[in-house]
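Heads up, upload.pdb below (PDB, C-alpha atoms):
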```pdb
ATOM      1  CA  MET N1005      47.653  27.541   5.334  1.00  0.00           C
ATOM      2  CA  LYS N1006      45.721  30.105   3.285  1.00  0.00           C
ATOM      3  CA  ARG N1007      47.146  28.716   0.047  1.00  0.00           C
ATOM      4  CA  LYS N1008      46.444  25.131   1.096  1.00  0.00           C
ATOM      5  CA  LEU N1009      42.831  25.881   1.931  1.00  0.00           C
ATOM      6  CA  SER N1010      42.380  27.788  -1.325  1.00  0.00           C
ATOM      7  CA  ARG N1011      43.797  24.871  -3.336  1.00  0.00           C
ATOM      8  CA  ILE N1012      41.527  22.406  -1.549  1.00  0.00           C
ATOM      9  CA  PHE N1013      38.483  24.544  -2.277  1.00  0.00           C
ATOM     10  CA  ARG N1014      39.381  24.938  -5.954  1.00  0.00           C
ATOM     11  CA  ARG N1015      39.921  21.208  -6.390  1.00  0.00           C
ATOM     12  CA  LEU N1016      36.695  20.279  -4.685  1.00  0.00           C
ATOM     13  CA  TYR N1017      34.682  22.875  -6.559  1.00  0.00           C
ATOM     14  CA  SER N1018      36.204  21.692  -9.837  1.00  0.00           C
ATOM     15  CA  ALA N1019      35.376  18.076  -8.986  1.00  0.00           C
ATOM     16  CA  PHE N1020      31.876  18.514  -7.585  1.00  0.00           C
ATOM     17  CA  GLY N1021      30.572  21.926  -8.598  1.00  0.00           C
ATOM     18  CA  ARG N1022      28.204  24.014  -6.536  1.00  0.00           C
ATOM     19  CA  GLN N1023      26.362  22.037  -3.855  1.00  0.00           C
ATOM     20  CA  TYR N1024      23.285  24.225  -3.232  1.00  0.00           C
ATOM     21  CA  TRP N1025      23.341  23.370   0.458  1.00  0.00           C
ATOM     22  CA  TRP N1026      21.296  23.497   2.706  1.00  0.00           C
ATOM     23  CA  PRO N1027      18.435  21.854   0.759  1.00  0.00           C
ATOM     24  CA  ALA N1028      15.323  23.522   2.171  1.00  0.00           C
ATOM     25  CA  GLN N1029      12.445  25.725   1.111  1.00  0.00           C
ATOM     26  CA  SER N1030      12.713  28.125   4.048  1.00  0.00           C
ATOM     27  CA  ALA N1031      15.050  29.285   6.794  1.00  0.00           C
ATOM     28  CA  PHE N1032      12.831  27.644   9.379  1.00  0.00           C
ATOM     29  CA  GLU N1033      13.068  24.323   7.559  1.00  0.00           C
ATOM     30  CA  VAL N1034      16.862  24.627   7.842  1.00  0.00           C
ATOM     31  CA  MET N1035      16.550  25.197  11.593  1.00  0.00           C
ATOM     32  CA  VAL N1036      14.386  22.112  12.009  1.00  0.00           C
ATOM     33  CA  GLY N1037      16.718  20.062   9.832  1.00  0.00           C
ATOM     34  CA  ALA N1038      19.780  21.170  11.787  1.00  0.00           C
ATOM     35  CA  ILE N1039      18.251  19.791  14.984  1.00  0.00           C
ATOM     36  CA  LEU N1040      16.847  16.620  13.437  1.00  0.00           C
ATOM     37  CA  THR N1041      20.107  15.680  11.704  1.00  0.00           C
ATOM     38  CA  GLN N1042      21.904  15.077  15.004  1.00  0.00           C
ATOM     39  CA  ASN N1043      23.108  11.445  15.065  1.00  0.00           C
ATOM     40  CA  THR N1044      21.271  10.357  11.933  1.00  0.00           C
ATOM     41  CA  SER N1045      21.556  10.356   8.152  1.00  0.00           C
ATOM     42  CA  TRP N1046      20.146  13.140   6.008  1.00  0.00           C
ATOM     43  CA  SER N1047      17.798  10.695   4.267  1.00  0.00           C
ATOM     44  CA  ASN N1048      16.087  10.071   7.611  1.00  0.00           C
ATOM     45  CA  VAL N1049      15.787  13.808   8.225  1.00  0.00           C
ATOM     46  CA  GLU N1050      14.143  14.237   4.838  1.00  0.00           C
ATOM     47  CA  LYS N1051      11.523  11.642   5.782  1.00  0.00           C
ATOM     48  CA  ALA N1052      10.766  13.420   9.062  1.00  0.00           C
ATOM     49  CA  ILE N1053      10.485  16.805   7.360  1.00  0.00           C
ATOM     50  CA  ALA N1054       8.256  15.293   4.674  1.00  0.00           C
ATOM     51  CA  SER N1055       6.027  13.982   7.462  1.00  0.00           C
ATOM     52  CA  LEU N1056       5.691  17.486   8.916  1.00  0.00           C
ATOM     53  CA  LYS N1057       5.005  18.959   5.483  1.00  0.00           C
ATOM     54  CA  LYS N1058       2.346  16.356   4.728  1.00  0.00           C
ATOM     55  CA  LYS N1059       0.433  17.490   7.802  1.00  0.00           C
ATOM     56  CA  LYS N1060       1.111  21.142   6.931  1.00  0.00           C
ATOM     57  CA  LEU N1061       2.970  21.560  10.238  1.00  0.00           C
ATOM     58  CA  LEU N1062       6.374  22.786   9.081  1.00  0.00           C
ATOM     59  CA  ASP N1063       5.748  26.171  10.655  1.00  0.00           C
ATOM     60  CA  ALA N1064       7.301  27.710  13.777  1.00  0.00           C
ATOM     61  CA  GLU N1065       4.025  28.659  15.452  1.00  0.00           C
ATOM     62  CA  LYS N1066       2.344  25.339  14.654  1.00  0.00           C
ATOM     63  CA  ILE N1067       5.219  23.253  16.017  1.00  0.00           C
ATOM     64  CA  TYR N1068       5.494  25.544  19.048  1.00  0.00           C
ATOM     65  CA  LYS N1069       1.848  24.786  19.877  1.00  0.00           C
ATOM     66  CA  LEU N1070       1.942  21.116  18.877  1.00  0.00           C
ATOM     67  CA  PRO N1071       1.823  18.583  21.747  1.00  0.00           C
ATOM     68  CA  SER N1072       5.216  16.944  22.243  1.00  0.00           C
ATOM     69  CA  LYS N1073       3.821  13.444  21.867  1.00  0.00           C
ATOM     70  CA  LYS N1074       2.326  14.246  18.471  1.00  0.00           C
ATOM     71  CA  LEU N1075       5.554  15.918  17.344  1.00  0.00           C
ATOM     72  CA  SER N1076       7.537  12.844  18.405  1.00  0.00           C
ATOM     73  CA  GLY N1077       5.356  10.624  16.245  1.00  0.00           C
ATOM     74  CA  LEU N1078       5.723  12.865  13.210  1.00  0.00           C
ATOM     75  CA  ILE N1079       9.517  13.046  13.377  1.00  0.00           C
ATOM     76  CA  ARG N1080       9.954   9.350  14.219  1.00  0.00           C
ATOM     77  CA  PRO N1081      11.965   8.631  10.992  1.00  0.00           C
ATOM     78  CA  ALA N1082      14.769  10.890  12.273  1.00  0.00           C
ATOM     79  CA  GLY N1083      15.481   8.565  15.202  1.00  0.00           C
ATOM     80  CA  TYR N1084      15.754   9.504  18.894  1.00  0.00           C
ATOM     81  CA  TYR N1085      12.389  11.108  18.219  1.00  0.00           C
ATOM     82  CA  ASN N1086      11.429  11.833  21.831  1.00  0.00           C
ATOM     83  CA  ILE N1087      14.767  13.523  22.499  1.00  0.00           C
ATOM     84  CA  LYS N1088      14.641  15.465  19.250  1.00  0.00           C
ATOM     85  CA  ALA N1089      11.052  16.549  19.849  1.00  0.00           C
ATOM     86  CA  ALA N1090      12.173  17.940  23.207  1.00  0.00           C
ATOM     87  CA  ARG N1091      15.090  19.726  21.557  1.00  0.00           C
ATOM     88  CA  LEU N1092      12.835  21.237  18.917  1.00  0.00           C
ATOM     89  CA  LYS N1093      10.484  22.397  21.654  1.00  0.00           C
ATOM     90  CA  ASN N1094      13.404  23.902  23.609  1.00  0.00           C
ATOM     91  CA  PHE N1095      14.564  25.778  20.538  1.00  0.00           C
ATOM     92  CA  LEU N1096      11.080  27.047  19.730  1.00  0.00           C
ATOM     93  CA  LYS N1097      10.556  28.229  23.295  1.00  0.00           C
ATOM     94  CA  PHE N1098      13.798  30.196  22.985  1.00  0.00           C
ATOM     95  CA  PHE N1099      12.731  31.484  19.557  1.00  0.00           C
ATOM     96  CA  PHE N1100       9.315  32.516  20.880  1.00  0.00           C
ATOM     97  CA  ASP N1101      10.488  34.030  24.184  1.00  0.00           C
ATOM     98  CA  ASN N1102      13.287  36.072  22.633  1.00  0.00           C
ATOM     99  CA  TYR N1103      12.193  36.771  19.060  1.00  0.00           C
ATOM    100  CA  SER N1104       8.435  36.109  18.872  1.00  0.00           C
ATOM    101  CA  LEU N1105       9.168  33.411  16.248  1.00  0.00           C
ATOM    102  CA  SER N1106      10.238  36.179  13.863  1.00  0.00           C
ATOM    103  CA  LEU N1107      13.008  35.367  11.381  1.00  0.00           C
ATOM    104  CA  GLU N1108      13.454  39.083  10.781  1.00  0.00           C
ATOM    105  CA  LYS N1109      14.102  39.725  14.477  1.00  0.00           C
ATOM    106  CA  ILE N1110      16.481  36.817  15.009  1.00  0.00           C
ATOM    107  CA  SER N1111      18.384  37.630  11.809  1.00  0.00           C
ATOM    108  CA  SER N1112      19.052  41.169  13.019  1.00  0.00           C
ATOM    109  CA  VAL N1113      21.083  40.011  16.044  1.00  0.00           C
ATOM    110  CA  ASP N1114      24.864  39.995  15.787  1.00  0.00           C
ATOM    111  CA  LEU N1115      26.643  36.685  15.317  1.00  0.00           C
ATOM    112  CA  GLY N1116      28.445  36.512  18.657  1.00  0.00           C
ATOM    113  CA  THR N1117      25.377  37.299  20.735  1.00  0.00           C
ATOM    114  CA  LEU N1118      23.124  34.913  18.854  1.00  0.00           C
ATOM    115  CA  ARG N1119      25.661  32.070  18.991  1.00  0.00           C
ATOM    116  CA  ARG N1120      25.929  32.416  22.769  1.00  0.00           C
ATOM    117  CA  GLN N1121      22.146  32.396  23.057  1.00  0.00           C
ATOM    118  CA  LEU N1122      21.766  29.302  20.892  1.00  0.00           C
ATOM    119  CA  LEU N1123      24.408  27.415  22.852  1.00  0.00           C
ATOM    120  CA  GLY N1124      22.386  28.166  25.972  1.00  0.00           C
ATOM    121  CA  VAL N1125      19.424  26.183  24.599  1.00  0.00           C
ATOM    122  CA  ASN N1126      19.309  22.649  25.975  1.00  0.00           C
ATOM    123  CA  GLY N1127      20.087  20.197  23.176  1.00  0.00           C
ATOM    124  CA  ILE N1128      21.847  22.621  20.844  1.00  0.00           C
ATOM    125  CA  GLY N1129      25.595  22.099  20.542  1.00  0.00           C
ATOM    126  CA  GLN N1130      28.197  23.930  18.501  1.00  0.00           C
ATOM    127  CA  GLU N1131      27.623  22.181  15.185  1.00  0.00           C
ATOM    128  CA  THR N1132      23.838  22.613  15.379  1.00  0.00           C
ATOM    129  CA  ALA N1133      24.112  26.250  16.457  1.00  0.00           C
ATOM    130  CA  ASP N1134      26.558  27.069  13.673  1.00  0.00           C
ATOM    131  CA  SER N1135      24.425  25.254  11.084  1.00  0.00           C
ATOM    132  CA  ILE N1136      21.465  27.420  12.076  1.00  0.00           C
ATOM    133  CA  LEU N1137      23.599  30.554  12.000  1.00  0.00           C
ATOM    134  CA  LEU N1138      25.219  29.854   8.639  1.00  0.00           C
ATOM    135  CA  TYR N1139      22.592  28.017   6.646  1.00  0.00           C
ATOM    136  CA  ALA N1140      19.372  29.498   8.024  1.00  0.00           C
ATOM    137  CA  LEU N1141      20.469  33.016   8.955  1.00  0.00           C
ATOM    138  CA  ASN N1142      23.398  33.574   6.570  1.00  0.00           C
ATOM    139  CA  LYS N1143      25.845  34.492   9.349  1.00  0.00           C
ATOM    140  CA  PRO N1144      29.557  34.071   8.477  1.00  0.00           C
ATOM    141  CA  ILE N1145      30.653  31.157  10.653  1.00  0.00           C
ATOM    142  CA  PHE N1146      32.256  27.891   9.571  1.00  0.00           C
ATOM    143  CA  VAL N1147      30.461  24.675  10.496  1.00  0.00           C
ATOM    144  CA  VAL N1148      32.651  21.824  11.716  1.00  0.00           C
ATOM    145  CA  ASP N1149      31.460  18.231  11.556  1.00  0.00           C
ATOM    146  CA  ALA N1150      33.010  14.759  11.578  1.00  0.00           C
ATOM    147  CA  TYR N1151      33.784  14.946   7.854  1.00  0.00           C
ATOM    148  CA  THR N1152      35.635  18.237   8.299  1.00  0.00           C
ATOM    149  CA  LYS N1153      37.793  16.871  11.109  1.00  0.00           C
ATOM    150  CA  ARG N1154      38.539  13.620   9.289  1.00  0.00           C
ATOM    151  CA  ILE N1155      39.605  15.328   6.051  1.00  0.00           C
ATOM    152  CA  LEU N1156      41.781  17.921   7.779  1.00  0.00           C
ATOM    153  CA  LEU N1157      43.410  15.276   9.971  1.00  0.00           C
ATOM    154  CA  ARG N1158      44.233  13.047   6.998  1.00  0.00           C
ATOM    155  CA  HIS N1159      45.800  16.013   5.231  1.00  0.00           C
ATOM    156  CA  LYS N1160      47.767  16.912   8.376  1.00  0.00           C
ATOM    157  CA  LEU N1161      46.105  20.314   8.725  1.00  0.00           C
ATOM    158  CA  ILE N1162      45.041  19.599  12.312  1.00  0.00           C
ATOM    159  CA  LYS N1163      46.276  17.330  15.076  1.00  0.00           C
ATOM    160  CA  ALA N1164      44.420  14.304  16.388  1.00  0.00           C
ATOM    161  CA  GLY N1165      42.029  15.307  19.134  1.00  0.00           C
ATOM    162  CA  ALA N1166      41.685  18.907  17.941  1.00  0.00           C
ATOM    163  CA  ASP N1167      38.563  20.450  19.463  1.00  0.00           C
ATOM    164  CA  TYR N1168      35.710  22.124  17.622  1.00  0.00           C
ATOM    165  CA  PHE N1169      36.957  25.676  18.096  1.00  0.00           C
ATOM    166  CA  SER N1170      40.517  24.992  16.957  1.00  0.00           C
ATOM    167  CA  VAL N1171      39.277  23.264  13.785  1.00  0.00           C
ATOM    168  CA  GLN N1172      36.871  26.113  13.119  1.00  0.00           C
ATOM    169  CA  GLU N1173      39.671  28.643  13.534  1.00  0.00           C
ATOM    170  CA  VAL N1174      41.662  26.989  10.739  1.00  0.00           C
ATOM    171  CA  PHE N1175      39.000  28.250   8.356  1.00  0.00           C
ATOM    172  CA  MET N1176      37.927  31.431  10.109  1.00  0.00           C
ATOM    173  CA  LYS N1177      41.501  32.783  10.295  1.00  0.00           C
ATOM    174  CA  ASN N1178      42.571  31.792   6.797  1.00  0.00           C
ATOM    175  CA  LEU N1179      39.554  32.393   4.593  1.00  0.00           C
ATOM    176  CA  LYS N1180      37.674  35.530   3.643  1.00  0.00           C
ATOM    177  CA  ASN N1181      34.949  36.175   6.220  1.00  0.00           C
ATOM    178  CA  ASN N1182      32.073  35.381   3.881  1.00  0.00           C
ATOM    179  CA  ALA N1183      28.966  33.312   4.600  1.00  0.00           C
ATOM    180  CA  GLY N1184      28.631  32.206   0.983  1.00  0.00           C
ATOM    181  CA  LEU N1185      32.204  30.897   0.926  1.00  0.00           C
ATOM    182  CA  PHE N1186      31.832  29.123   4.273  1.00  0.00           C
ATOM    183  CA  ASN N1187      28.571  27.587   3.073  1.00  0.00           C
ATOM    184  CA  GLU N1188      30.046  26.223  -0.141  1.00  0.00           C
ATOM    185  CA  TYR N1189      33.325  25.078   1.399  1.00  0.00           C
ATOM    186  CA  HIS N1190      31.648  23.080   4.146  1.00  0.00           C
ATOM    187  CA  ALA N1191      29.155  21.551   1.718  1.00  0.00           C
ATOM    188  CA  LEU N1192      32.035  20.444  -0.528  1.00  0.00           C
ATOM    189  CA  LEU N1193      33.832  18.851   2.427  1.00  0.00           C
ATOM    190  CA  VAL N1194      30.666  16.932   3.293  1.00  0.00           C
ATOM    191  CA  LYS N1195      30.415  15.753  -0.321  1.00  0.00           C
ATOM    192  CA  LEU N1196      34.047  14.600  -0.239  1.00  0.00           C
ATOM    193  CA  GLY N1197      33.535  12.841   3.079  1.00  0.00           C
ATOM    194  CA  LYS N1198      30.489  10.959   1.849  1.00  0.00           C
ATOM    195  CA  GLU N1199      31.961   9.930  -1.480  1.00  0.00           C
ATOM    196  CA  TYR N1200      35.659   9.373  -0.784  1.00  0.00           C
ATOM    197  CA  CYS N1201      36.921  10.103   2.721  1.00  0.00           C
ATOM    198  CA  HIS N1202      35.139   7.258   4.477  1.00  0.00           C
ATOM    199  CA  LYS N1203      35.953   6.470   8.074  1.00  0.00           C
ATOM    200  CA  ARG N1204      37.149   2.896   7.567  1.00  0.00           C
ATOM    201  CA  SER N1205      37.747   2.518   3.828  1.00  0.00           C
ATOM    202  CA  PRO N1206      38.803   5.832   2.259  1.00  0.00           C
ATOM    203  CA  LYS N1207      39.158   5.955  -1.527  1.00  0.00           C
ATOM    204  CA  CYS N1208      42.412   7.907  -1.439  1.00  0.00           C
ATOM    205  CA  GLU N1209      43.671   7.051  -4.941  1.00  0.00           C
ATOM    206  CA  ALA N1210      40.498   8.330  -6.600  1.00  0.00           C
ATOM    207  CA  CYS N1211      40.068  11.299  -4.245  1.00  0.00           C
ATOM    208  CA  PRO N1212      40.031  14.755  -5.873  1.00  0.00           C
ATOM    209  CA  LEU N1213      42.550  15.839  -3.220  1.00  0.00           C
ATOM    210  CA  ASN N1214      44.993  13.025  -3.971  1.00  0.00           C
ATOM    211  CA  GLY N1215      48.493  14.547  -4.014  1.00  0.00           C
ATOM    212  CA  GLN N1216      47.334  17.704  -2.274  1.00  0.00           C
TER     213      GLN N1216
END
```

Entire entry expressed as structure tokens:
Amino acid sequence: MKRKLSRIFRRLYSAFGRQYWWPAQSAFEVMVGAILTQNTSWSNVEKAIASLKKKKLLDAEKIYKLPSKKLSGLIRPAGYYNIKAARLKNFLKFFFDNYSLSLEKISSVDLGTLRRQLLGVNGIGQETADSILLYALNKPIFVVDAYTKRILLRHKLIKAGADYFSVQEVFMKNLKNNAGLFNEYHALLVKLGKEYCHKRSPKCEACPLNGQ
């Protein structure tokens, strides 16, 4: 498995190069994006974040104090805007109550403890929590999404119906425990999923992993 994963990474990196993911100007922007990207495309998230930036509101304290109704209107492009506004508010309440909205304080907490805390926030599931941990706080944990599962299933590296934790363990047990590596590997899988490993019409012959 270690050799297979290493070969996949090398092929993807050779095909696509470095991905520079997550695209954001701050760790807090990553946190917001991780919540807004639930059940929507990244292009819609970008529009919602641009809306917050235009009003100079992409700031933890400002969003924490912002009325929910106004927040909902600003993030409308991300879809499910009332639900996502509530989830952002839930996260910021947690962030304020436990860490005074301080990135320095939240970053100092160990991975296991912080992951458990994040999963206790209403509206934050495993993928969102791990995206915050890896991409915003540089904690070494592998993010699993639909692209990851689809690619691994098609290459017979997992079984159909494999749960989040078992898919995550494929990477965590067989790769060096390094946030930078996990970041790049996941970003490359997302790139592959978007460009080749489509749900209904995969481009297998042209895929960089063809023959893998």

* Translate the PyMOL selection byres ((chain N and resi 1116) around 12), as applied to the file shown, into an explicit residue set as an MDAnalysis selection string. => chainID N and resid 1112:1115 1117:1123 1133:1134 1137 1143:1145

* How far is it from atom CA of Leu1192 of chain N to atom CA of Leu1138 of chain N, in Å with one decimal? -> 14.8 Å

* Taking the file above as input, evaluate the PyMOL selection byres ((chain N and resi 1211) around 9) and report the hits as a list in words. =>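 When the PyMOL selection byres ((chain N and resi 1211) around 9) is applied, the selected residues are Leu1196, Glu1199, Tyr1200, Cys1201, Pro1206, Lys1207, Cys1208, Glu1209, Ala1210, Pro1212, Leu1213 and Asn1214 of chain N.
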
Write out the residues from the selection above, keeping C-alpha atoms, as a compact mmCIF listing (two decimals), keeping the file's coordinate frame.
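So again.txt came out as:
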```txt
# COMPACT_ATOMS: atom_id res chain seq x y z
CA LEU N 1196 34.05 14.60 -0.24
CA GLU N 1199 31.96 9.93 -1.48
CA TYR N 1200 35.66 9.37 -0.78
CA CYS N 1201 36.92 10.10 2.72
CA PRO N 1206 38.80 5.83 2.26
CA LYS N 1207 39.16 5.96 -1.53
CA CYS N 1208 42.41 7.91 -1.44
CA GLU N 1209 43.67 7.05 -4.94
CA ALA N 1210 40.50 8.33 -6.60
CA PRO N 1212 40.03 14.76 -5.87
CA LEU N 1213 42.55 15.84 -3.22
CA ASN N 1214 44.99 13.02 -3.97
```

* Leaving out Leu1107 of chain N and any residue of its chain fewer than 6 positions from it, which residues lie within 12 Å of it when counting all atoms listed in the file, given as a ChimeraX atom specification? -> /N:1030-1035,1063-1065,1096,1099-1100,1113,1136-1137,1140-1142

* **Residue nearest His1159 of chain N among N:Leu1179, N:Ala1038, N:Ile1012, N:Val1194 (counting all atoms listed in the file)** =>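 Among the listed residues, the smallest separation from His1159 of chain N belongs to N:Ile1012.
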
* Just so the selection is clear, what residues does the PyMOL selection byres ((chain N and resi 1166) around 12) cover here, as a count of residues only? -> 21

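When only C-alpha atoms are used to measure the gap to His1202 of chain N, the shortest distance among N:Phe1175, N:Leu1185, N:Trp1046, N:Ile1155 belongs to N:Ile1155.
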
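Near (41.5, 32.0, 0.0), the residues that fall inside 7 Å on the basis of all atoms listed in the file are Lys1006, Arg1007, Leu1009, Ser1010, Asn1178, Leu1179 and Lys1180 of chain N.
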
* N:Tyr1189, N:Ile1128, N:Leu1105, N:Phe1013: which is nearest Phe1146 of chain N, counting all atoms listed in the file? ->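 The shortest atom-to-atom distance to Phe1146 of chain N comes from N:Tyr1189.
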
* Close residues, Ala1090 of chain N itself excluded, 10 Å, all atoms listed in the file, min 3 positions apart in chain, as a ChimeraX atom specification -> /N:1072-1073,1075-1076,1085-1087,1093-1096,1126-1127

* Between atom CA of Gly1124 of chain N and atom CA of Trp1025 of chain N, what is the spacing in Å? ->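 The value is 26.0 Å.
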
* Structure fact -> Judged by only C-alpha atoms, the minimum distance to Thr1132 of chain N among N:Ser1047, N:Val1036, N:Ala1082, N:Ala1183 is found for N:Val1036

Which centre and which edge lengths, in Å to one decimal, describe the axis-aligned box that holds all listed atoms of segment 1083-1095 of chain N after 3 Å is added on each side, as AutoDock Vina command-line options?
```
--center_x 13.1 --center_y 17.2 --center_z 19.4 --size_x 11.3 --size_y 23.2 --size_z 14.4
```

* Asked: Do you know which residues lie at most 10 Å from (27.6, 18.9, -6.4), with coordinates as in the file and all atoms listed in the file counted, and could you write them as a ChimeraX atom specification?
  -> /N:1016-1025,1188,1191-1192,1195-1196

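The space separating atom CA of Ser1055 of chain N from atom CA of Pro1081 of chain N comes to 8.7 Å.
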